[in-house]
Amino acid sequence: MKPVCDHPLEPAPLYDVWTADTRTRRYRNEMLRYRRLLRMLPRRPAAVLDAGCGTGFMSVLMARRGWSVTAVDANPVSLAAFSDAAAAWNIRVHHADLFRFRAEPADALVCQEVLEHIPDDRAALKKMSDFLKPGGRAVFCVPYRENLNAKNVRCPKCGAAVHRSGHLRAYDEAGFAARINETGFRVVRIERIVNKRVVKWLASARLPVNGAALAFDRLVNGLFPGRAAYLAAVAEKRVPQNPHPAGAPDGRRER
Ligand SMILES: [Zn+2]
């Protein structure tokens with residue numbers, strides 16, 4: 001789908017998880033997403049790229065687990081929100097557009113709350129496959145079955161209806177998996193994560209986002225899939241097929 005108008009949106013007020021009120025639903029929602037995504041990454045420390053890192057909370061969680069983290073985002077205001085933490089955890093931070101960014105291929109990649117903003121999300125996925133070693137793991141996360149029209153506002157310049165956060169499309173499991181599978185990856189699994197009911201219960205009961213909350217979220221997303229807030233995909237970068245395997249340059253096997 002093409003954006004209905006090309007006028008840049010007024011940037012939404014930055015949600016800075018570092019300074020946010022920890023008692024709110026929003027904060028628990030964020031914590032639950034970060035922690036569910038963290039569990040989808042390989043356990044063994046390695047080099048990871050946080051593509052569209054925003055205010056860098058995920059980058060810091062990964063660095064604290066012993067990962068070597070590179071973080072890139074096009075928004076300098078977001079990046080400034082974690083400059084101290086980035087220095088403390090040796091995170092390499094780059095201010096760049098994803099499509100112009102170049103990096104050594106990493107062992108793993110995380111990309112959350114990014115694809116729904118990009119007009120050509122397939123091109124973005126293809127570009128991100130360049131940032132990974134063959135066989136490397138990617139974790140992608142987008143809003144699940146978002147009702148885009150419910151969040152429309154009028155563009156002040158042309159009057160067109162545009163999503164208030166700049167989301168350009170809604171994703172379901174099949175469409176999300178197809179895009180990832182078409183762009184140099186193989187989907188390993190797709191999970192619905194962060195059930196809105198769970199977030200509500202955690203906030204109203206003032207419960208923390210701990211291991212029990214994560215397990216509860218997984219369970220409730222199975223029971224009430226319509227209330228899931230996000231889709232998360234675990235994928236692997238495809239290993240290129242070698243037309244001439246070593247030892248058989250002319251196609252014959254050695255006897
Ligand atoms: Zn407009």
# chains A, B, ... in the order shown; residues from 1 in each chain; ligands from 1

$ residues_around --residues "Met40 (chain A)" --least-positions-apart "2" --cutoff "8 Å" --atoms "only C-alpha atoms" --output "count of residues only"
6

$ select_by_dssp --residues "region 78-187 of chain A" --states "strand (DSSP E or B)" --output "PyMOL selection string"
chain A and resi 92-95+106-112+132-144+152-154+161-163+171+185-187

$ residues_near_ligand --ligand "ligand 1" --cutoff "7 Å" --atoms "only C-alpha atoms and all ligand atoms" --output "list in words"
Cys5, Asp6, His7, Cys155, Pro156, Lys157, Cys158, Gly159 and Ala160 of chain A

$ residues_around --residues "Ser68 (chain A)" --least-positions-apart "4" --cutoff "7 Å" --atoms "only C-alpha atoms" --output "ChimeraX atom specification"
/A:46-48,63

$ write_last_selection --atoms "N, CA and C atoms" --output "CSV table (one decimal), in the first residue's frame"
chain,number,residue,atom,x,y,z
A,46,ALA,N,27.0,-13.1,21.1
A,46,ALA,CA,27.6,-12.9,19.8
A,46,ALA,C,27.3,-11.4,19.4
A,47,ALA,N,27.6,-11.1,18.1
A,47,ALA,CA,27.4,-9.8,17.6
A,47,ALA,C,25.9,-9.6,17.1
A,48,VAL,N,25.3,-8.6,17.6
A,48,VAL,CA,23.9,-8.4,17.2
A,48,VAL,C,23.7,-7.0,16.7
A,63,ALA,N,23.1,-6.0,25.4
A,63,ALA,CA,24.5,-5.7,25.9
A,63,ALA,C,24.7,-6.3,27.3

$ closest_residue --among "A:Val198, A:Val153, A:Ala85, A:Ala233" --to "Leu41 (chain A)" --atoms "only C-alpha atoms"
A:Ala233

$ select_by_dssp --residues "region 100-231 of chain A" --states "helix (DSSP H, G or I)" --output "number ranges by chain"
A: 100, 115-117, 121-129, 148-151, 173-181, 196-204, 211-223, 225-227

$ closest_atom_pairs --of "region 64-178 of chain A" --to "region 8-31 of chain A" --cutoff "9 Å" --atoms "only C-alpha atoms" --output "JSON lines"
{"residue": "A:Val77", "atom": "CA", "partner": "A:Leu14", "partner_atom": "CA", "distance": 8.2}
{"residue": "A:Ser78", "atom": "CA", "partner": "A:Leu14", "partner_atom": "CA", "distance": 7.3}
{"residue": "A:Ala81", "atom": "CA", "partner": "A:Asp16", "partner_atom": "CA", "distance": 7.2}
{"residue": "A:Phe82", "atom": "CA", "partner": "A:Trp18", "partner_atom": "CA", "distance": 8.0}
{"residue": "A:Cys155", "atom": "CA", "partner": "A:Leu9", "partner_atom": "CA", "distance": 7.7}
{"residue": "A:Val162", "atom": "CA", "partner": "A:Leu9", "partner_atom": "CA", "distance": 8.7}
{"residue": "A:Arg164", "atom": "CA", "partner": "A:Leu9", "partner_atom": "CA", "distance": 8.0}
{"residue": "A:Ser165", "atom": "CA", "partner": "A:Ala12", "partner_atom": "CA", "distance": 6.7}
{"residue": "A:Gly166", "atom": "CA", "partner": "A:Leu9", "partner_atom": "CA", "distance": 7.0}

$ write_last_selection --atoms "C-alpha atoms" --output "tab-separated table (two decimals), in the first residue's frame"
chain	number	residue	atom	x	y	z
A	77	VAL	CA	16.32	12.48	19.36
A	78	SER	CA	15.71	8.80	20.13
A	81	ALA	CA	17.90	9.27	25.01
A	82	PHE	CA	20.38	6.47	25.63
A	155	CYS	CA	-2.93	15.52	7.53
A	162	VAL	CA	-3.12	9.27	7.79
A	164	ARG	CA	-1.34	9.02	13.75
A	165	SER	CA	1.91	7.09	14.24
A	166	GLY	CA	2.68	6.70	10.55
